[in-house]
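Shown next: upload_13.cif, given as mmCIF, C-alpha atoms.
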data_model
loop_
_atom_site.label_atom_id
_atom_site.label_comp_id
_atom_site.auth_asym_id
_atom_site.auth_seq_id
_atom_site.Cartn_x
_atom_site.Cartn_y
_atom_site.Cartn_z
CA MET A 1 0.00 0.00 0.00
CA PHE A 2 1.27 3.47 -0.90
CA SER A 3 1.63 5.80 2.10
CA PRO A 4 2.40 9.34 0.95
CA PRO A 5 4.72 11.27 3.24
CA LEU A 6 3.11 13.79 5.57
CA SER A 7 4.93 16.91 4.42
CA ASP A 8 3.99 20.54 4.79
CA PRO A 9 0.79 21.19 2.82
CA SER A 10 0.86 23.05 -0.44
CA PRO A 11 -1.13 26.29 -0.45
CA LEU A 12 -4.63 25.48 -1.63
CA PRO A 13 -4.52 27.46 -4.92
CA ALA A 14 -1.37 25.63 -6.00
CA THR A 15 -2.87 22.29 -5.02
CA LEU A 16 -6.06 23.07 -6.94
CA ASP A 17 -3.95 23.94 -9.99
CA ARG A 18 -2.53 20.45 -9.75
CA LEU A 19 -6.00 18.95 -9.30
CA ASP A 20 -7.34 20.88 -12.28
CA ARG A 21 -4.98 19.01 -14.60
CA LEU A 22 -7.24 15.99 -14.18
CA THR A 23 -10.43 15.39 -16.15
CA ASP A 24 -13.28 17.39 -14.66
CA TRP A 25 -16.62 16.17 -15.97
CA GLU A 26 -18.39 19.10 -14.34
CA LYS A 27 -16.81 21.30 -17.03
CA ARG A 28 -16.90 18.96 -20.04
CA PRO A 29 -19.59 17.39 -22.24
CA ARG A 30 -20.57 14.19 -20.46
CA GLY A 31 -21.41 12.06 -23.49
CA GLY A 32 -18.07 10.28 -23.23
CA MET A 33 -17.91 10.30 -19.45
CA ARG A 34 -16.09 7.39 -17.83
CA VAL A 35 -17.94 5.97 -14.87
CA GLY A 36 -16.73 3.23 -12.56
CA LEU A 37 -15.49 2.65 -9.06
CA ALA A 38 -12.16 0.91 -9.70
CA PRO A 39 -10.08 4.12 -9.74
CA MET A 40 -11.74 5.37 -6.56
CA ARG A 41 -11.19 2.09 -4.74
CA ASP A 42 -7.53 2.07 -5.75
CA LEU A 43 -7.02 5.62 -4.45
CA LEU A 44 -8.73 4.84 -1.15
CA ALA A 45 -6.66 1.67 -0.67
CA ARG A 46 -3.51 3.72 -1.19
CA LEU A 47 -4.78 6.22 1.41
CA GLY A 48 -5.35 3.52 4.02
CA ALA A 49 -9.09 2.94 3.38
CA PRO A 50 -10.34 5.93 5.41
CA GLN A 51 -13.95 5.17 4.49
CA ALA A 52 -13.85 1.87 6.36
CA SER A 53 -13.96 3.64 9.73
CA LEU A 54 -16.95 5.84 8.90
CA ARG A 55 -20.61 5.46 9.77
CA VAL A 56 -22.29 6.84 6.68
CA ILE A 57 -25.65 8.19 5.60
CA HIS A 58 -25.60 8.25 1.79
CA VAL A 59 -27.99 10.62 -0.01
CA GLY A 60 -28.92 10.64 -3.70
CA GLY A 61 -31.80 11.79 -5.86
CA THR A 62 -32.61 14.29 -8.57
CA LYS A 63 -33.50 17.25 -6.37
CA GLY A 64 -33.18 18.12 -2.71
CA LYS A 65 -30.27 15.85 -1.85
CA GLY A 66 -27.97 18.69 -0.79
CA SER A 67 -30.60 20.21 1.48
CA VAL A 68 -31.50 16.81 2.95
CA CYS A 69 -27.82 16.23 3.71
CA ALA A 70 -27.58 19.61 5.45
CA LEU A 71 -30.69 18.87 7.51
CA ILE A 72 -29.41 15.46 8.60
CA GLU A 73 -26.09 17.08 9.49
CA ALA A 74 -27.92 19.74 11.52
CA GLY A 75 -29.96 17.14 13.41
CA LEU A 76 -26.90 15.08 14.26
CA MET A 77 -25.04 18.17 15.42
CA ARG A 78 -28.07 19.16 17.50
CA ALA A 79 -27.64 15.81 19.26
CA GLY A 80 -24.07 16.82 20.14
CA LEU A 81 -22.42 14.50 17.63
CA ARG A 82 -19.35 15.14 15.47
CA VAL A 83 -20.38 15.18 11.82
CA GLY A 84 -18.79 15.51 8.41
CA ARG A 85 -20.72 16.35 5.23
CA TYR A 86 -19.49 15.86 1.67
CA ALA A 87 -21.40 17.82 -0.99
CA SER A 88 -21.29 18.87 -4.63
CA PRO A 89 -21.14 21.12 -6.49
CA HIS A 90 -19.89 24.09 -4.54
CA VAL A 91 -21.34 27.56 -4.96
CA GLU A 92 -18.39 29.87 -4.25
CA SER A 93 -15.48 27.89 -2.77
CA VAL A 94 -14.38 24.30 -3.24
CA THR A 95 -13.97 24.02 0.54
CA GLU A 96 -17.79 24.00 0.78
CA ARG A 97 -17.67 20.41 -0.46
CA VAL A 98 -16.00 19.09 2.69
CA CYS A 99 -17.62 20.30 5.91
CA LEU A 100 -16.81 19.49 9.53
CA GLN A 101 -19.38 20.49 12.15
CA GLY A 102 -21.31 22.45 9.58
CA ARG A 103 -18.36 24.55 8.43
CA PRO A 104 -16.22 24.27 5.29
CA VAL A 105 -12.88 22.63 6.00
CA ALA A 106 -9.86 24.92 6.39
CA ASP A 107 -7.86 25.64 3.24
CA ALA A 108 -4.72 24.08 4.71
CA ALA A 109 -6.52 20.85 5.69
CA LEU A 110 -8.01 20.46 2.22
CA ALA A 111 -4.66 21.23 0.57
CA ARG A 112 -2.96 18.59 2.72
CA ALA A 113 -5.57 15.91 1.95
CA LEU A 114 -5.62 16.76 -1.75
CA THR A 115 -1.84 16.51 -1.90
CA ARG A 116 -2.00 13.01 -0.43
CA ALA A 117 -4.76 11.98 -2.85
CA LEU A 118 -2.91 13.45 -5.84
CA ASP A 119 0.28 11.70 -4.77
CA ALA A 120 -1.70 8.44 -4.60
CA HIS A 121 -3.01 9.09 -8.12
CA GLU A 122 0.52 9.65 -9.42
CA ALA A 123 1.72 6.47 -7.72
CA ALA A 124 -1.10 4.57 -9.43
CA ARG A 125 0.03 5.98 -12.76
CA ARG A 126 3.57 4.76 -12.12
CA ASP A 127 2.26 1.34 -11.08
CA GLY A 128 -0.25 1.08 -13.92
CA THR A 129 -3.21 0.39 -11.64
CA ALA A 130 -6.82 1.56 -11.81
CA GLY A 131 -6.18 4.78 -9.89
CA ALA A 132 -4.28 6.08 -12.92
CA ASP A 133 -7.69 6.84 -14.46
CA ALA A 134 -8.94 8.83 -11.47
CA THR A 135 -10.80 12.03 -12.32
CA TRP A 136 -10.97 15.43 -10.63
CA PHE A 137 -14.04 14.30 -8.69
CA ASP A 138 -12.48 10.95 -7.72
CA VAL A 139 -9.45 12.67 -6.20
CA LEU A 140 -11.49 15.32 -4.41
CA THR A 141 -13.84 12.66 -3.02
CA ALA A 142 -10.90 10.58 -1.82
CA ALA A 143 -9.43 13.66 -0.14
CA GLY A 144 -12.75 14.39 1.57
CA LEU A 145 -13.01 10.84 2.88
CA ALA A 146 -9.40 11.02 4.09
CA ILE A 147 -10.25 14.16 6.07
CA PHE A 148 -13.30 12.47 7.54
CA GLY A 149 -11.30 9.36 8.42
CA GLU A 150 -8.89 11.43 10.49
CA ALA A 151 -11.52 13.65 12.13
CA GLY A 152 -12.97 11.23 14.70
CA LEU A 153 -16.48 11.57 13.32
CA ASP A 154 -19.60 9.99 14.75
CA TRP A 155 -21.29 10.21 11.32
CA ALA A 156 -20.47 11.19 7.76
CA VAL A 157 -23.28 12.46 5.51
CA ILE A 158 -22.31 11.88 1.89
CA GLU A 159 -24.10 13.44 -1.08
CA VAL A 160 -23.98 11.57 -4.39
CA GLY A 161 -22.33 13.47 -7.21
CA LEU A 162 -24.09 11.97 -10.24
CA GLY A 163 -26.36 8.93 -10.38
CA GLY A 164 -25.30 6.61 -7.60
CA ARG A 165 -24.33 3.07 -8.56
CA LEU A 166 -21.07 4.09 -10.27
CA ASP A 167 -20.60 7.47 -8.59
CA SER A 168 -17.28 8.06 -6.84
CA THR A 169 -19.05 8.35 -3.49
CA ASN A 170 -20.39 4.79 -3.77
CA ALA A 171 -17.09 3.47 -2.43
CA VAL A 172 -18.69 4.00 1.01
CA ASP A 173 -21.13 1.66 2.72
CA GLY A 174 -24.06 3.63 4.05
CA GLU A 175 -26.20 2.47 6.96
CA VAL A 176 -29.01 4.48 5.40
CA ALA A 177 -29.48 5.24 1.70
CA VAL A 178 -31.74 8.16 0.81
CA VAL A 179 -33.18 8.59 -2.68
CA THR A 180 -35.10 11.84 -2.50
CA ASN A 181 -36.88 11.52 -5.87
CA VAL A 182 -36.16 10.66 -9.51
CA GLY A 183 -36.54 12.89 -12.55
CA LEU A 184 -35.08 12.85 -16.04
CA GLU A 185 -31.49 14.14 -15.84
CA HIS A 186 -28.10 13.16 -17.26
CA THR A 187 -29.97 10.83 -19.59
CA GLU A 188 -26.91 10.28 -21.79
CA ILE A 189 -25.25 8.60 -18.80
CA LEU A 190 -28.02 7.34 -16.52
CA GLY A 191 -30.64 6.22 -19.06
CA GLN A 192 -33.60 7.56 -20.98
CA THR A 193 -36.38 6.67 -18.54
CA ARG A 194 -37.11 7.34 -14.89
CA ALA A 195 -36.97 3.59 -14.28
CA ALA A 196 -33.45 3.36 -15.72
CA ILE A 197 -32.32 6.40 -13.73
CA ALA A 198 -33.86 4.97 -10.55
CA ALA A 199 -31.80 1.81 -11.01
CA GLU A 200 -28.65 3.94 -10.98
CA LYS A 201 -29.70 6.07 -8.02
CA VAL A 202 -30.81 3.17 -5.83
CA GLY A 203 -27.46 1.52 -6.51
CA ILE A 204 -26.21 3.25 -3.34
CA LEU A 205 -28.36 0.88 -1.25
CA LYS A 206 -26.23 -1.79 0.42
CA PRO A 207 -27.13 -5.03 2.27
CA GLY A 208 -28.16 -4.29 5.84
CA ALA A 209 -29.06 -0.66 5.11
CA ALA A 210 -32.47 1.01 5.03
CA LEU A 211 -33.84 2.90 2.03
CA VAL A 212 -35.53 6.23 2.79
CA THR A 213 -37.40 7.68 -0.19
CA THR A 214 -40.45 9.60 -1.36
CA LEU A 215 -40.86 7.24 -4.33
CA ASP A 216 -44.24 5.52 -4.44
CA PRO A 217 -44.08 1.76 -5.09
CA ASP A 218 -46.70 2.17 -7.85
CA ASP A 219 -44.50 4.69 -9.66
CA GLU A 220 -42.16 3.34 -12.35
CA ALA A 221 -39.09 4.63 -10.50
CA GLY A 222 -40.49 3.53 -7.14
CA ALA A 223 -41.05 0.01 -8.43
CA VAL A 224 -37.38 -0.24 -9.38
CA ALA A 225 -36.32 1.03 -5.96
CA ALA A 226 -38.67 -1.42 -4.23
CA ALA A 227 -37.27 -4.33 -6.26
CA ARG A 228 -33.69 -3.41 -5.33
CA ALA A 229 -34.63 -3.17 -1.66
CA ALA A 230 -36.44 -6.51 -1.78
CA ALA A 231 -33.47 -8.19 -3.47
CA LEU A 232 -31.21 -6.99 -0.64
CA ALA A 233 -33.81 -7.59 2.10
CA CYS A 234 -33.62 -3.91 3.03
CA PRO A 235 -36.55 -2.06 4.62
CA ILE A 236 -38.09 0.89 2.80
CA LEU A 237 -39.19 3.93 4.80
CA ARG A 238 -41.40 6.61 3.24
CA PRO A 239 -42.29 9.90 4.94
CA ALA A 240 -45.89 11.09 5.10
CA ILE A 241 -45.84 14.23 2.98
CA PRO A 242 -49.08 16.03 2.05
CA PRO A 243 -49.54 16.70 -1.67
CA GLY A 244 -48.18 20.09 -2.62
CA ALA A 245 -46.11 20.43 0.55
CA PRO A 246 -43.36 23.07 0.35
CA ILE A 247 -39.91 21.87 -0.66
CA ALA A 248 -38.55 22.65 2.80
CA GLU A 249 -41.17 20.45 4.47
CA GLU A 250 -40.50 17.57 2.09
CA ASN A 251 -36.77 17.75 2.75
CA ALA A 252 -37.29 17.99 6.51
CA ALA A 253 -39.61 14.97 6.45
CA LEU A 254 -36.95 12.86 4.73
CA ALA A 255 -34.21 14.00 7.11
CA GLY A 256 -36.43 13.48 10.15
CA LEU A 257 -37.28 9.96 9.02
CA VAL A 258 -33.56 9.17 8.76
CA LEU A 259 -32.99 10.41 12.32
CA ASP A 260 -35.99 8.47 13.65
CA HIS A 261 -34.77 5.29 11.97
CA LEU A 262 -31.27 5.63 13.37
CA GLY A 263 -32.71 6.23 16.82
CA ARG A 264 -34.81 3.10 16.59
CA ARG A 265 -31.66 1.20 15.61
CA GLY A 266 -29.91 2.36 18.78
CA ALA A 267 -28.04 5.47 17.61
CA ARG A 268 -27.89 8.07 20.38
CA GLY A 269 -26.75 11.61 20.90
CA ARG A 270 -24.39 12.93 23.55
CA ASP A 271 -27.37 13.19 25.89
CA CYS A 272 -27.78 9.39 25.59
CA LEU A 273 -31.23 9.88 24.07
CA PRO A 274 -32.11 8.15 20.78
CA LEU A 275 -31.74 10.20 17.64
CA ARG A 276 -35.13 11.56 16.57
CA ALA A 277 -36.83 13.88 14.10
CA ALA A 278 -37.55 16.38 16.88
CA LEU A 279 -33.86 17.35 16.75
CA LEU A 280 -34.76 19.30 13.62
CA ASP A 281 -36.24 22.23 15.51
CA ALA A 282 -36.48 25.74 14.07
CA GLU A 283 -32.91 26.60 15.05
CA ALA A 284 -31.48 23.45 13.48
CA ARG A 285 -33.44 24.02 10.27
CA ALA A 286 -32.28 27.61 10.06
CA GLY A 287 -28.68 26.47 10.42
CA ALA A 288 -29.13 23.98 7.59
CA ARG A 289 -30.01 26.51 4.92
CA LEU A 290 -27.66 26.25 1.96
CA PRO A 291 -26.61 29.02 -0.42
CA GLY A 292 -28.36 28.92 -3.76
CA ARG A 293 -31.38 26.96 -2.59
CA LEU A 294 -34.40 29.31 -2.41
CA GLU A 295 -31.96 31.88 -1.06
CA ARG A 296 -33.41 35.34 -0.60
CA ARG A 297 -31.25 38.36 -1.42
CA THR A 298 -31.60 41.87 -2.90
CA ILE A 299 -29.79 43.76 -5.62
CA PRO A 300 -29.45 47.54 -5.84
CA THR A 301 -30.66 49.31 -8.99
CA ALA A 302 -31.11 52.96 -9.95
CA ALA A 303 -34.83 52.54 -9.19
CA GLY A 304 -34.19 51.01 -5.78
CA PRO A 305 -33.46 47.52 -4.37
CA VAL A 306 -35.00 44.53 -6.15
CA PRO A 307 -35.82 41.25 -4.35
CA VAL A 308 -33.74 38.36 -5.67
CA VAL A 309 -34.19 34.60 -5.24
CA LEU A 310 -31.15 32.44 -5.99
CA ASP A 311 -31.97 28.81 -6.73
CA GLY A 312 -29.91 26.26 -8.62
CA ALA A 313 -32.89 24.27 -9.94
CA HIS A 314 -31.96 22.71 -13.27
CA VAL A 315 -34.68 20.17 -14.09
CA PRO A 316 -38.30 21.05 -14.94
CA PHE A 317 -40.03 19.34 -12.03
CA ASN A 318 -37.62 20.94 -9.56
CA LEU A 319 -38.22 24.38 -11.05
CA ALA A 320 -41.98 23.80 -10.91
CA ALA A 321 -41.73 23.07 -7.18
CA VAL A 322 -39.55 26.17 -6.63
CA LEU A 323 -42.03 28.38 -8.46
CA ARG A 324 -44.95 26.84 -6.56
CA ASP A 325 -43.27 27.68 -3.26
CA LEU A 326 -42.36 31.21 -4.35
CA ALA A 327 -45.94 31.87 -5.47
CA ARG A 328 -46.92 31.53 -1.80
CA ALA A 329 -44.44 34.20 -0.66
CA PRO A 330 -46.37 37.37 0.22
CA ASP A 331 -43.34 39.63 -0.15
CA LEU A 332 -42.65 38.70 -3.77
CA SER A 333 -45.11 40.95 -5.57
CA GLY A 334 -45.22 41.88 -9.21
CA PRO A 335 -43.91 39.93 -12.17
CA CYS A 336 -41.06 37.43 -12.05
CA ILE A 337 -38.08 38.23 -14.25
CA ALA A 338 -35.71 35.28 -14.59
CA LEU A 339 -32.00 35.08 -15.37
CA VAL A 340 -31.11 31.64 -16.70
CA ALA A 341 -27.99 29.71 -17.70
CA MET A 342 -27.95 25.95 -18.14
CA ALA A 343 -25.48 23.12 -18.66
CA ALA A 344 -25.52 21.46 -22.06
CA ASP A 345 -26.87 18.15 -20.74
CA LYS A 346 -29.98 19.73 -19.19
CA ASP A 347 -33.49 19.76 -20.70
CA ALA A 348 -33.51 23.45 -21.51
CA ALA A 349 -36.75 23.33 -23.53
CA GLY A 350 -38.62 21.61 -20.71
CA PHE A 351 -37.11 23.92 -18.12
CA LEU A 352 -38.08 27.08 -19.99
CA SER A 353 -41.57 25.73 -20.63
CA ALA A 354 -41.98 25.28 -16.87
CA LEU A 355 -40.62 28.78 -16.32
CA ALA A 356 -43.08 30.25 -18.82
CA ARG A 357 -45.99 29.29 -16.57
CA SER A 358 -44.83 31.79 -13.93
CA ALA A 359 -42.30 34.27 -15.32
CA GLU A 360 -43.04 37.33 -17.45
CA ALA A 361 -39.63 37.63 -19.07
CA VAL A 362 -36.29 35.85 -19.11
CA VAL A 363 -32.75 37.00 -19.72
CA CYS A 364 -30.60 34.15 -21.01
CA THR A 365 -26.86 33.94 -20.53
CA GLU A 366 -24.04 31.42 -20.47
CA MET A 367 -21.16 30.47 -18.20
CA PRO A 368 -17.62 30.92 -19.49
CA GLU A 369 -15.45 27.80 -19.24
CA ARG A 370 -18.53 25.63 -18.63
CA ARG A 371 -20.15 23.25 -21.10
CA GLY A 372 -23.54 24.85 -21.56
CA HIS A 373 -26.37 25.96 -23.81
CA GLY A 374 -25.45 29.17 -25.59
CA ALA A 375 -27.33 32.31 -24.57
CA ALA A 376 -28.81 32.75 -28.05
CA ALA A 377 -29.99 29.13 -28.16
CA LEU A 378 -31.66 29.53 -24.76
CA ARG A 379 -33.32 32.75 -25.92
CA ALA A 380 -34.79 30.94 -28.94
CA LEU A 381 -36.14 28.13 -26.74
CA ALA A 382 -37.60 30.65 -24.30
CA ALA A 383 -39.32 32.55 -27.10
CA ALA A 384 -40.73 29.28 -28.44
CA ALA A 385 -42.18 28.65 -24.98
CA GLY A 386 -43.97 32.00 -25.11
CA LEU A 387 -41.60 33.99 -22.93
CA GLU A 388 -40.41 37.50 -23.59
CA ALA A 389 -36.72 36.74 -23.93
CA GLU A 390 -33.35 38.28 -24.62
CA ALA A 391 -29.75 37.07 -24.53
CA MET A 392 -26.72 38.55 -22.80
CA ALA A 393 -23.20 37.28 -23.37
CA THR A 394 -22.04 37.27 -19.74
CA PRO A 395 -23.71 36.51 -16.41
CA GLU A 396 -22.79 39.95 -15.07
CA ALA A 397 -24.41 41.75 -18.00
CA GLY A 398 -27.39 39.42 -17.73
CA LEU A 399 -27.83 40.19 -14.04
CA ALA A 400 -27.74 43.94 -14.64
CA GLN A 401 -30.30 43.71 -17.44
CA ALA A 402 -32.64 41.37 -15.53
CA ALA A 403 -32.45 43.53 -12.41
CA ASP A 404 -33.29 46.67 -14.38
CA LEU A 405 -36.26 44.90 -15.99
CA ALA A 406 -37.54 43.76 -12.60
CA ALA A 407 -37.13 47.24 -11.13
CA ALA A 408 -38.91 48.92 -14.04
CA ARG A 409 -41.87 46.55 -13.77
CA GLY A 410 -42.11 46.50 -9.99
CA GLY A 411 -41.24 42.83 -9.88
CA TRP A 412 -38.59 40.48 -8.55
CA LEU A 413 -35.69 38.50 -9.95
CA LEU A 414 -35.11 34.74 -10.03
CA VAL A 415 -31.56 33.54 -10.82
CA THR A 416 -31.81 29.87 -11.75
CA GLY A 417 -30.84 26.99 -14.02
CA SER A 418 -27.38 26.36 -12.56
CA LEU A 419 -25.65 26.50 -9.20
CA HIS A 420 -22.58 27.64 -11.09
CA LEU A 421 -24.52 30.70 -12.27
CA VAL A 422 -25.69 31.32 -8.71
CA GLY A 423 -22.13 31.06 -7.44
CA ALA A 424 -20.80 33.46 -10.06
CA LEU A 425 -23.38 36.13 -9.17
CA ARG A 426 -24.07 35.64 -5.48
CA GLY A 427 -21.44 38.19 -4.52
CA SER A 428 -23.22 40.81 -6.65
CA THR A 429 -26.32 40.57 -4.48
CA GLN A 430 -26.90 41.54 -0.87
CA ALA A 431 -28.18 39.50 2.07
#

Encoding of this model in structure tokens:
Amino acid sequence: MFSPPLSDPSPLPATLDRLDRLTDWEKRPRGGMRVGLAPMRDLLARLGAPQASLRVIHVGGTKGKGSVCALIEAGLMRAGLRVGRYASPHVESVTERVCLQGRPVADAALARALTRALDAHEAARRDGTAGADATWFDVLTAAGLAIFGEAGLDWAVIEVGLGGRLDSTNAVDGEVAVVTNVGLEHTEILGQTRAAIAAEKVGILKPGAALVTTLDPDDEAGAVAAARAAALACPILRPAIPPGAPIAEENAALAGLVLDHLGRRGARGRDCLPLRAALLDAEARAGARLPGRLERRTIPTAAGPVPVVLDGAHVPFNLAAVLRDLARAPDLSGPCIALVAMAADKDAAGFLSALARSAEAVVCTEMPERRGHGAAALRALAAAAGLEAEAMATPEAGLAQAADLAAARGGWLLVTGSLHLVGALRGSTQA
């Protein structure tokens, strides 16, 4: 087994430069994406198998998985436990992906772990083993698990990157697997139907674990999940969620069910009481709010401040739920003006059709250095959906134009379609 020397850490920017030499499928067209766990397993073996010491809650799904992870983390911390959370993508800083006790890991700690993981990758290249093919996400995930393995955690909450069965994070064995829901996404990799995508997402379920999901057994995706659970003799737990419940309530119901299940299985907090959904009180929920998920901000304009909602929704049914929740907000009056950018593998036509049911106008833009739909192509799709639409070449120009439109019409602004767009513009808005 390769054991990299524990030397002084490289500064994080220099270490990230080294990491960025690897293939990053978050920035490239995913049609030719390599998926598989062999490189990840090789890296982890060379790092001393840090995942083997972790008690893991593994969370996948099309929408809500990041927020569910944050809620579970908040509940466990409320019980006095030491918790790590691994998430993707980040909004503003890569350190957001590896959190200890609810806070992004220190730059120096991430640099040190990344250096070890990159050294393991280079050793695999010299040896000609599977780790030679490790990607940007493989190495970052291995570094995150190495940090968790050294941190003396009670629990690690791990968010799936893409899919589940062959995702880098599936090198862990979760005691609970959460599949929040299943929609059509990444179809060129995961499959063309919800049933095929469900088979990939429920691949995180392991023997002896419980499956927590909103999927109905009569639904095509739910039937696949139920069959996988039955084959592994795993129980399925479904929260009671009223139809049309707000996104926040749905996410909290899933997280609370996880905590209740763990408590019934004997998991306890520092107070020696069983873990339970009641740990997710108002304070815990407030602490679990993530940037770019129904985040409320303002932006100054010449006509005065404009309300802004930042949300990284990128699939039609997620956007529909976001818009449904925002329609209930009494302080968002007037028309909705949207600023949209989208990755190339997203259903832009379906997304803009869903947006057209609520928005009055849309400003389309694109992200530099990201594989995405061009602004002009998005504008054409928006116009075809019946939206008043225009295109701006850069996110910054798009934000200024959308904000001015919202101010002139006495409305509000929704920035959506991509967490990368949210991250690029969040600093231009005010809390």

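Between atom CA of Ala341 of chain A and atom CA of Trp136 of chain A there is a distance of 23.3 Å.
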
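For the pair atom CA of Val172 of chain A and atom CA of Ala52 of chain A, the separation is 7.5 Å.
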
Original post:
When you draw a straight line from atom CA of Arg85 of chain A to atom CA of Arg55 of chain A, how long is it in Å?
Top reply: 11.8 Å

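Nearest to Phe317 of chain A of all the residues A:Thr62, A:Ser53, A:Thr180, A:Thr301 is A:Thr62, counting all atoms listed in the file.
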
**OP:** Please evaluate the PyMOL selection byres ((chain A and resi 380) around 12) against the displayed coordinates and give the resulting residues as a PyMOL selection string.
**Re:** chain A and resi 348-349+352-353+362-365+373-379+381-391

Give me a file of those residues, with C-alpha atoms, as a compact mmCIF listing (two decimals), in the frame of the given file.
# COMPACT_ATOMS: atom_id res chain seq x y z
CA ALA A 348 -33.51 23.45 -21.51
CA ALA A 349 -36.75 23.33 -23.53
CA LEU A 352 -38.08 27.08 -19.99
CA SER A 353 -41.57 25.73 -20.63
CA VAL A 362 -36.29 35.85 -19.11
CA VAL A 363 -32.75 37.00 -19.72
CA CYS A 364 -30.60 34.15 -21.01
CA THR A 365 -26.86 33.94 -20.53
CA HIS A 373 -26.37 25.96 -23.81
CA GLY A 374 -25.45 29.17 -25.59
CA ALA A 375 -27.33 32.31 -24.57
CA ALA A 376 -28.81 32.75 -28.05
CA ALA A 377 -29.99 29.13 -28.16
CA LEU A 378 -31.66 29.53 -24.76
CA ARG A 379 -33.32 32.75 -25.92
CA LEU A 381 -36.14 28.13 -26.74
CA ALA A 382 -37.60 30.65 -24.30
CA ALA A 383 -39.32 32.55 -27.10
CA ALA A 384 -40.73 29.28 -28.44
CA ALA A 385 -42.18 28.65 -24.98
CA GLY A 386 -43.97 32.00 -25.11
CA LEU A 387 -41.60 33.99 -22.93
CA GLU A 388 -40.41 37.50 -23.59
CA ALA A 389 -36.72 36.74 -23.93
CA GLU A 390 -33.35 38.28 -24.62
CA ALA A 391 -29.75 37.07 -24.53

Subject >> Residues matched by the PyMOL selection byres ((chain A and resi 163-166) around 6), written as a ChimeraX atom specification >> reply: /A:35-37,162,167,200-201,203-204

Would you export the selected residues with C-alpha atoms as a PDB file, in the frame of the given file, please?
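Done, and the output landed in result-v4.pdb:
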ATOM      1  CA  VAL A  35     -17.940   5.970 -14.870  1.00  0.00           C
ATOM      2  CA  GLY A  36     -16.730   3.230 -12.560  1.00  0.00           C
ATOM      3  CA  LEU A  37     -15.490   2.650  -9.060  1.00  0.00           C
ATOM      4  CA  LEU A 162     -24.090  11.970 -10.240  1.00  0.00           C
ATOM      5  CA  ASP A 167     -20.600   7.470  -8.590  1.00  0.00           C
ATOM      6  CA  GLU A 200     -28.650   3.940 -10.980  1.00  0.00           C
ATOM      7  CA  LYS A 201     -29.700   6.070  -8.020  1.00  0.00           C
ATOM      8  CA  GLY A 203     -27.460   1.520  -6.510  1.00  0.00           C
ATOM      9  CA  ILE A 204     -26.210   3.250  -3.340  1.00  0.00           C
TER      10      ILE A 204
END

Write out as a PDB file with C-alpha atoms, in the frame of the given file which residues come within 7 Å of Val176 of chain A when counting only C-alpha atoms, dropping same-chain ones fewer than 5 positions away.
ATOM      1  CA  ILE A  57     -25.650   8.190   5.600  1.00  0.00           C
ATOM      2  CA  HIS A  58     -25.600   8.250   1.790  1.00  0.00           C
ATOM      3  CA  ALA A 209     -29.060  -0.660   5.110  1.00  0.00           C
ATOM      4  CA  ALA A 210     -32.470   1.010   5.030  1.00  0.00           C
ATOM      5  CA  LEU A 211     -33.840   2.900   2.030  1.00  0.00           C
TER       6      LEU A 211
END

Original post:
In terms of the shortest atom-to-atom distance over all atoms listed in the file, which of A:Arg194, A:Arg103, A:Arg276, A:Arg238 is closest to Leu76 of chain A?
Top reply: A:Arg276

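Among the candidates A:Pro395, A:Ala123, A:Val139, A:Gly80, the residue lying nearest to Pro274 of chain A is A:Gly80 (atoms considered: only C-alpha atoms).
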
**OP:** I would like the residues chosen by the PyMOL selection byres ((chain A and resi 289) around 12) on the shown file; could you give them as JSON, numbers by chain?
**Re:** {"A": [64, 66, 67, 68, 69, 70, 71, 72, 73, 74, 102, 248, 251, 252, 282, 283, 284, 285, 286, 287, 288, 290, 291, 292, 293, 294, 295, 296]}

Within 12 Å of (-38.9, 3.2, 1.7), all atoms listed in the file: residues as a compact mmCIF listing (two decimals) with C-alpha atoms, in the frame of the given file?
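The result, written out as part.txt:
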# COMPACT_ATOMS: atom_id res chain seq x y z
CA VAL A 176 -29.01 4.48 5.40
CA ALA A 177 -29.48 5.24 1.70
CA VAL A 178 -31.74 8.16 0.81
CA VAL A 179 -33.18 8.59 -2.68
CA THR A 180 -35.10 11.84 -2.50
CA ASN A 181 -36.88 11.52 -5.87
CA VAL A 202 -30.81 3.17 -5.83
CA LEU A 205 -28.36 0.88 -1.25
CA ALA A 209 -29.06 -0.66 5.11
CA ALA A 210 -32.47 1.01 5.03
CA LEU A 211 -33.84 2.90 2.03
CA VAL A 212 -35.53 6.23 2.79
CA THR A 213 -37.40 7.68 -0.19
CA THR A 214 -40.45 9.60 -1.36
CA LEU A 215 -40.86 7.24 -4.33
CA ASP A 216 -44.24 5.52 -4.44
CA PRO A 217 -44.08 1.76 -5.09
CA GLY A 222 -40.49 3.53 -7.14
CA ALA A 223 -41.05 0.01 -8.43
CA VAL A 224 -37.38 -0.24 -9.38
CA ALA A 225 -36.32 1.03 -5.96
CA ALA A 226 -38.67 -1.42 -4.23
CA ALA A 227 -37.27 -4.33 -6.26
CA ARG A 228 -33.69 -3.41 -5.33
CA ALA A 229 -34.63 -3.17 -1.66
CA ALA A 230 -36.44 -6.51 -1.78
CA ALA A 233 -33.81 -7.59 2.10
CA CYS A 234 -33.62 -3.91 3.03
CA PRO A 235 -36.55 -2.06 4.62
CA ILE A 236 -38.09 0.89 2.80
CA LEU A 237 -39.19 3.93 4.80
CA ARG A 238 -41.40 6.61 3.24
CA PRO A 239 -42.29 9.90 4.94
CA ALA A 240 -45.89 11.09 5.10
CA LEU A 254 -36.95 12.86 4.73
CA LEU A 257 -37.28 9.96 9.02
CA VAL A 258 -33.56 9.17 8.76
CA HIS A 261 -34.77 5.29 11.97
